[in-house]
Amino acid sequence: MSGFSADWLALREPYDLTAMNPAVRDAAIASIAGLDPVAIVDLGTGTASGLRALAPLIPARQTWRLVDNDLSLLARAADTERPARVQVSAVPVDLALDLEAALDGAVDLVTTTALLDLVSAPWLERLTVECAARRLPFYATLSYDGRIEFTPRDAGDAAIVAAVNAHQRTDKGFGPALGPKAAAEAIVRFTTVGYFVDRQPADWVLGPHDREIQNELLAGWASAAREIGAPELDDVVAWLTRRRDLVAAGRSSMRVGHIDVFARPTEMRRADRSQSNSTSPSRR
Ligand SMILES: C[S@@+](CC[C@H](N)C(=O)[O-])C[C@H]1O[C@@H](n2cnc3c(N)ncnc32)[C@H](O)[C@@H]1O
């Protein structure tokens with residue numbers, strides 16, 4: 001178990017799909033144009049929402065390597081509905097321990113959705129080095145960036161958001177997490193190794209009718225604040241009650257900030273389909 005329930009991932013998926021930045025997504029798809037078949041690795045795949053978002057937009061035959069350390073989510077990912085031209089393999093890997101195994105073999109594009117803010121600075125460095133060594137393009141969507149805006153505002157919002165962002169920096173299995181800094185760090189690191197990097201906002205915009213996801217988020221943020229230990233428990237409970245009342249009354253809206261990043265090496269290699277792509281021939 002990873003702590004990410006299939007129910008939560010299913011609840012957020014349509015909001016992720018709406019939020020994904022189309023320009024960044026199109027740049028990622030363009031990077032594999034002309035390849036058929038194309039080999040894609042999805043890191044921290046969950047139930048394969050990344051595949052469901054991207055695969056229909058890619059006309060080529062595709063092989064997706066779906067990587068996660070949660071066997072229950074991975075089983076659902078392997079069973080996901082997909083176009084006939086799409087093949088999947090579900091690969092149970094603890095990415096904190098064995099990132100390199102996830103990337104070995106034929107790969108044309110590395111993707112990940114809502115994972116980057118969980119990882120640590122040293123792990124992101126490893127990822128950057130491994131991608132750069134293989135000259136692989138990297139597409140990371142829905143990295144939380146620390147912005148939560150509530151309408152209407154409440155006097156307790158700022159303290160809760162501060163606690164949530166502190167909680168985001170705690171260890172999520174990869175060492176102290178980058179949390180809200182993750183996308184910015186990825187941009188710096190990939191730029192440093194000579195990649196072109198596109199980045200655009202991909203915010204969740206939740207309206208008064210989006211009651212279920214708003215209530216889930218509020219409960220999660222209150223729990224995070226309790227774990228951090230600030231604000232005081234009474235204040236957290238009072239804030240949660242006021243905000244839930246607004247949701248129930250159909251008067252609550254929220255914007256949750258995310259960033260999409262696509263990093264492309266200046267020169268890419270075509271995946272060698274028999275061996276590691278570190279020895280593959282030039283792609284263009
Ligand atoms: C926020 S969920 C995102 C899931 C999916 N990409 C999506 O957007 O619906 C993070 C995912 O990363 C996976 N994950 C977390 N730590 C991991 C690790 N050390 N190794 C492999 N997967 C991990 C979780 O199991 C979970 O599926």
# chains A, B, ... in the order shown; residues from 1 in each chain; ligands from 1
call {"tool": "residues_around", "arguments": {"residues": "region 25-32 of chain A", "least_positions_apart": "5", "cutoff": "7 Å", "atoms": "only C-alpha atoms", "output": "PyMOL selection string"}}
result
chain A and resi 58+108+139+262
call {"tool": "write_last_selection", "arguments": {"atoms": "C-alpha atoms", "output": "compact mmCIF listing (two decimals), in the first residue's frame"}}
result
# COMPACT_ATOMS: atom_id res chain seq x y z
CA ILE A 58 -0.63 9.19 -29.81
CA ASP A 108 11.48 6.77 -25.91
CA TYR A 139 7.25 14.79 -19.11
CA PHE A 262 8.44 18.85 -20.36
call {"tool": "residues_around", "arguments": {"residues": "region 121-131 of chain A", "least_positions_apart": "6", "cutoff": "7 Å", "atoms": "only C-alpha atoms", "output": "ChimeraX atom specification"}}
result
/A:174,178,189-190
call {"tool": "residues_near_ligand", "arguments": {"ligand": "ligand 1", "cutoff": "8 Å", "atoms": "only C-alpha atoms and all ligand atoms", "output": "PyMOL selection string"}}
result
chain A and resi 1-4+9-10+12-13+16+42-50+67-70+73-74+92-97+112-115+118+142+172-174
call {"tool": "write_last_selection", "arguments": {"atoms": "N, CA and C atoms", "output": "mmCIF file, in the first residue's frame"}}
result
data_model
loop_
_atom_site.group_PDB
_atom_site.id
_atom_site.type_symbol
_atom_site.label_atom_id
_atom_site.label_comp_id
_atom_site.auth_asym_id
_atom_site.auth_seq_id
_atom_site.Cartn_x
_atom_site.Cartn_y
_atom_site.Cartn_z
ATOM 1 N N MET A 1 0.834 -1.212 0.000
ATOM 2 C CA MET A 1 0.000 0.000 0.000
ATOM 3 C C MET A 1 0.868 1.262 0.000
ATOM 4 N N SER A 2 0.486 2.235 -0.785
ATOM 5 C CA SER A 2 1.293 3.454 -0.875
ATOM 6 C C SER A 2 0.674 4.604 -0.090
ATOM 7 N N GLY A 3 -0.569 4.435 0.371
ATOM 8 C CA GLY A 3 -1.260 5.556 0.995
ATOM 9 C C GLY A 3 -2.082 6.340 -0.009
ATOM 10 N N PHE A 4 -2.008 5.981 -1.279
ATOM 11 C CA PHE A 4 -2.849 6.613 -2.296
ATOM 12 C C PHE A 4 -3.934 5.615 -2.673
ATOM 13 N N LEU A 9 -7.546 8.406 -6.325
ATOM 14 C CA LEU A 9 -6.981 8.633 -7.660
ATOM 15 C C LEU A 9 -8.095 8.755 -8.704
ATOM 16 N N ALA A 10 -9.166 7.965 -8.534
ATOM 17 C CA ALA A 10 -10.291 8.048 -9.477
ATOM 18 C C ALA A 10 -11.021 9.390 -9.334
ATOM 19 N N ARG A 12 -9.739 12.269 -8.413
ATOM 20 C CA ARG A 12 -8.967 13.400 -8.921
ATOM 21 C C ARG A 12 -8.720 13.325 -10.424
ATOM 22 N N GLU A 13 -8.870 12.149 -11.018
ATOM 23 C CA GLU A 13 -8.463 11.969 -12.417
ATOM 24 C C GLU A 13 -9.126 12.956 -13.392
ATOM 25 N N ASP A 16 -7.471 16.265 -12.988
ATOM 26 C CA ASP A 16 -6.123 16.233 -13.565
ATOM 27 C C ASP A 16 -6.185 16.401 -15.078
ATOM 28 N N ASP A 42 5.951 5.040 -17.422
ATOM 29 C CA ASP A 42 5.195 5.927 -16.529
ATOM 30 C C ASP A 42 5.591 5.623 -15.086
ATOM 31 N N LEU A 43 6.270 6.570 -14.457
ATOM 32 C CA LEU A 43 6.792 6.381 -13.093
ATOM 33 C C LEU A 43 5.719 6.739 -12.066
ATOM 34 N N GLY A 44 5.488 5.868 -11.099
ATOM 35 C CA GLY A 44 4.444 6.121 -10.096
ATOM 36 C C GLY A 44 3.090 6.169 -10.773
ATOM 37 N N THR A 45 2.799 5.120 -11.528
ATOM 38 C CA THR A 45 1.655 5.141 -12.449
ATOM 39 C C THR A 45 0.308 5.115 -11.747
ATOM 40 N N GLY A 46 0.253 4.638 -10.496
ATOM 41 C CA GLY A 46 -1.046 4.503 -9.830
ATOM 42 C C GLY A 46 -1.906 3.516 -10.594
ATOM 43 N N THR A 47 -3.092 3.952 -11.003
ATOM 44 C CA THR A 47 -3.963 3.082 -11.808
ATOM 45 C C THR A 47 -3.836 3.385 -13.300
ATOM 46 N N ALA A 48 -2.778 4.094 -13.692
ATOM 47 C CA ALA A 48 -2.468 4.379 -15.110
ATOM 48 C C ALA A 48 -3.274 5.544 -15.679
ATOM 49 N N SER A 49 -3.524 6.560 -14.872
ATOM 50 C CA SER A 49 -4.239 7.727 -15.396
ATOM 51 C C SER A 49 -3.415 8.429 -16.475
ATOM 52 N N GLY A 50 -2.097 8.378 -16.346
ATOM 53 C CA GLY A 50 -1.243 9.012 -17.362
ATOM 54 C C GLY A 50 -1.419 8.359 -18.718
ATOM 55 N N VAL A 67 5.011 1.653 -13.854
ATOM 56 C CA VAL A 67 5.882 1.373 -12.705
ATOM 57 C C VAL A 67 5.265 1.929 -11.424
ATOM 58 N N ASP A 68 5.163 1.088 -10.411
ATOM 59 C CA ASP A 68 4.681 1.545 -9.110
ATOM 60 C C ASP A 68 5.128 0.522 -8.065
ATOM 61 N N ASN A 69 5.149 0.934 -6.811
ATOM 62 C CA ASN A 69 5.464 -0.032 -5.752
ATOM 63 C C ASN A 69 4.216 -0.485 -5.003
ATOM 64 N N ASP A 70 3.049 -0.016 -5.438
ATOM 65 C CA ASP A 70 1.789 -0.426 -4.815
ATOM 66 C C ASP A 70 1.146 -1.488 -5.709
ATOM 67 N N LEU A 73 -2.619 -1.000 -6.733
ATOM 68 C CA LEU A 73 -2.823 -0.008 -7.799
ATOM 69 C C LEU A 73 -2.299 -0.547 -9.126
ATOM 70 N N LEU A 74 -1.155 -1.214 -9.058
ATOM 71 C CA LEU A 74 -0.530 -1.725 -10.286
ATOM 72 C C LEU A 74 -1.418 -2.763 -10.981
ATOM 73 N N PRO A 92 6.494 -3.891 -10.884
ATOM 74 C CA PRO A 92 6.576 -3.480 -9.478
ATOM 75 C C PRO A 92 8.006 -3.106 -9.097
ATOM 76 N N VAL A 93 8.215 -1.828 -8.864
ATOM 77 C CA VAL A 93 9.563 -1.344 -8.505
ATOM 78 C C VAL A 93 9.397 -0.272 -7.441
ATOM 79 N N ASP A 94 10.247 -0.332 -6.413
ATOM 80 C CA ASP A 94 10.347 0.791 -5.490
ATOM 81 C C ASP A 94 11.299 1.803 -6.124
ATOM 82 N N LEU A 95 10.734 2.882 -6.612
ATOM 83 C CA LEU A 95 11.549 3.858 -7.353
ATOM 84 C C LEU A 95 12.593 4.521 -6.465
ATOM 85 N N ALA A 96 12.350 4.549 -5.180
ATOM 86 C CA ALA A 96 13.345 5.136 -4.282
ATOM 87 C C ALA A 96 14.622 4.298 -4.294
ATOM 88 N N LEU A 97 14.455 2.982 -4.501
ATOM 89 C CA LEU A 97 15.602 2.082 -4.454
ATOM 90 C C LEU A 97 16.152 1.788 -5.834
ATOM 91 N N THR A 112 5.459 11.058 -15.914
ATOM 92 C CA THR A 112 4.994 10.856 -14.546
ATOM 93 C C THR A 112 3.919 11.890 -14.235
ATOM 94 N N THR A 113 2.949 11.490 -13.444
ATOM 95 C CA THR A 113 1.838 12.376 -13.077
ATOM 96 C C THR A 113 1.718 12.407 -11.557
ATOM 97 N N ALA A 114 1.806 13.600 -10.992
ATOM 98 C CA ALA A 114 1.594 13.780 -9.551
ATOM 99 C C ALA A 114 2.552 12.952 -8.704
ATOM 100 N N LEU A 115 3.780 12.817 -9.167
ATOM 101 C CA LEU A 115 4.795 12.099 -8.377
ATOM 102 C C LEU A 115 5.908 13.037 -7.906
ATOM 103 N N LEU A 118 6.618 14.404 -4.470
ATOM 104 C CA LEU A 118 6.895 13.443 -3.384
ATOM 105 C C LEU A 118 8.392 13.157 -3.231
ATOM 106 N N LEU A 142 1.236 17.785 -13.295
ATOM 107 C CA LEU A 142 0.522 17.910 -12.029
ATOM 108 C C LEU A 142 1.421 17.879 -10.799
ATOM 109 N N LYS A 172 8.359 11.290 1.992
ATOM 110 C CA LYS A 172 7.299 10.479 1.390
ATOM 111 C C LYS A 172 7.859 9.171 0.818
ATOM 112 N N GLY A 173 9.013 8.772 1.380
ATOM 113 C CA GLY A 173 9.622 7.516 0.940
ATOM 114 C C GLY A 173 10.878 7.693 0.100
ATOM 115 N N PHE A 174 11.184 8.943 -0.241
ATOM 116 C CA PHE A 174 12.363 9.225 -1.078
ATOM 117 C C PHE A 174 13.377 10.092 -0.331
#
call {"tool": "closest_residue", "arguments": {"among": "A:Ser89, A:Ser223, A:Thr191, A:Ser120", "to": "Thr170 (chain A)", "atoms": "only C-alpha atoms"}}
result
A:Ser120
call {"tool": "residues_around", "arguments": {"residues": "Phe138 (chain A)", "least_positions_apart": "4", "cutoff": "7 Å", "atoms": "only C-alpha atoms", "output": "short mmCIF file (atom, residue, chain, number, x, y, z; two decimals) with C-alpha atoms, in the first residue's frame"}}
result
data_model
loop_
_atom_site.label_atom_id
_atom_site.label_comp_id
_atom_site.auth_asym_id
_atom_site.auth_seq_id
_atom_site.Cartn_x
_atom_site.Cartn_y
_atom_site.Cartn_z
CA LEU A 109 9.68 8.92 -23.33
CA VAL A 110 9.55 9.04 -19.53
CA THR A 111 6.30 10.33 -18.04
CA PHE A 262 8.44 18.85 -20.36
CA ALA A 263 12.22 18.51 -20.65
CA ARG A 264 13.76 17.59 -23.97
#
call {"tool": "select_by_dssp", "arguments": {"residues": "region 73-198 of chain A", "states": "strand (DSSP E)", "output": "JSON, numbers by chain"}}
result
{"A": [86, 87, 88, 89, 90, 91, 92, 109, 110, 111, 112, 113, 138, 139, 140, 141, 142, 143, 144, 145, 146, 147, 148, 149, 150, 151, 195, 196, 197, 198]}
call {"tool": "atom_distance", "arguments": {"atom1": "CA of Leu116 (chain A)", "atom2": "CA of Ile160 (chain A)"}}
result
22.1 Å
call {"tool": "atom_distance", "arguments": {"atom1": "CA of Arg211 (chain A)", "atom2": "CA of Ala166 (chain A)"}}
result
25.4 Å
call {"tool": "residues_around", "arguments": {"residues": "Arg251 (chain A)", "least_positions_apart": "6", "cutoff": "9 Å", "atoms": "only C-alpha atoms", "output": "list of chain:residue names"}}
result
A:Thr151, A:Pro152, A:Gly207, A:Pro208, A:His209, A:Asp245
call {"tool": "select_by_dssp", "arguments": {"residues": "region 98-226 of chain A", "states": "helix (DSSP H, G or I)", "output": "VMD selection string"}}
result
chain A and resid 98 to 103 116 to 118 121 to 134 157 to 168 179 to 192 211 to 226
call {"tool": "residues_around", "arguments": {"residues": "Arg199 (chain A)", "least_positions_apart": "4", "cutoff": "8 Å", "atoms": "only C-alpha atoms", "output": "compact mmCIF listing (two decimals) with N, CA, C and O atoms, in the first residue's frame"}}
result
# COMPACT_ATOMS: atom_id res chain seq x y z
N VAL A 24 2.17 21.99 -23.10
CA VAL A 24 3.26 21.13 -22.61
C VAL A 24 3.01 19.69 -23.05
O VAL A 24 3.93 18.99 -23.48
N ILE A 187 13.14 21.92 -13.30
CA ILE A 187 13.48 22.84 -14.41
C ILE A 187 14.96 23.20 -14.34
O ILE A 187 15.68 23.15 -15.34
N ILE A 259 2.12 22.56 -11.70
CA ILE A 259 2.96 22.92 -12.84
C ILE A 259 3.23 21.67 -13.67
O ILE A 259 3.51 20.60 -13.11
N ASP A 260 3.11 21.82 -14.98
CA ASP A 260 3.51 20.76 -15.90
C ASP A 260 4.86 21.12 -16.51
O ASP A 260 5.10 22.29 -16.85
N VAL A 261 5.71 20.11 -16.64
CA VAL A 261 7.06 20.33 -17.16
C VAL A 261 7.34 19.31 -18.26
O VAL A 261 7.03 18.12 -18.10
N PHE A 262 7.90 19.78 -19.36
CA PHE A 262 8.44 18.85 -20.36
C PHE A 262 9.88 19.24 -20.63
O PHE A 262 10.17 20.39 -20.97
call {"tool": "closest_residue", "arguments": {"among": "A:Val107, A:Ala186, A:Tyr15, A:Met20", "to": "Gln214 (chain A)", "atoms": "only C-alpha atoms"}}
result
A:Tyr15
call {"tool": "atom_distance", "arguments": {"atom1": "CA of Thr266 (chain A)", "atom2": "CA of Asp98 (chain A)"}}
result
26.4 Å
call {"tool": "residues_around", "arguments": {"residues": "Gly156 (chain A)", "least_positions_apart": "2", "cutoff": "8 Å", "atoms": "only C-alpha atoms", "output": "list of chain:residue names"}}
result
A:Asp154, A:Ala158, A:Ala159, A:Ile160, A:Asp235, A:Trp239
call {"tool": "residues_around", "arguments": {"residues": "Glu227 (chain A)", "least_positions_apart": "4", "cutoff": "10 Å", "atoms": "only C-alpha atoms", "output": "list in words"}}
result
Ala163, Val164, His167, Trp221, Ala222 and Ser223 of chain A
call {"tool": "closest_residue", "arguments": {"among": "A:Leu240, A:Leu103, A:Ala60, A:Leu218", "to": "Val256 (chain A)", "atoms": "only C-alpha atoms"}}
result
A:Leu218
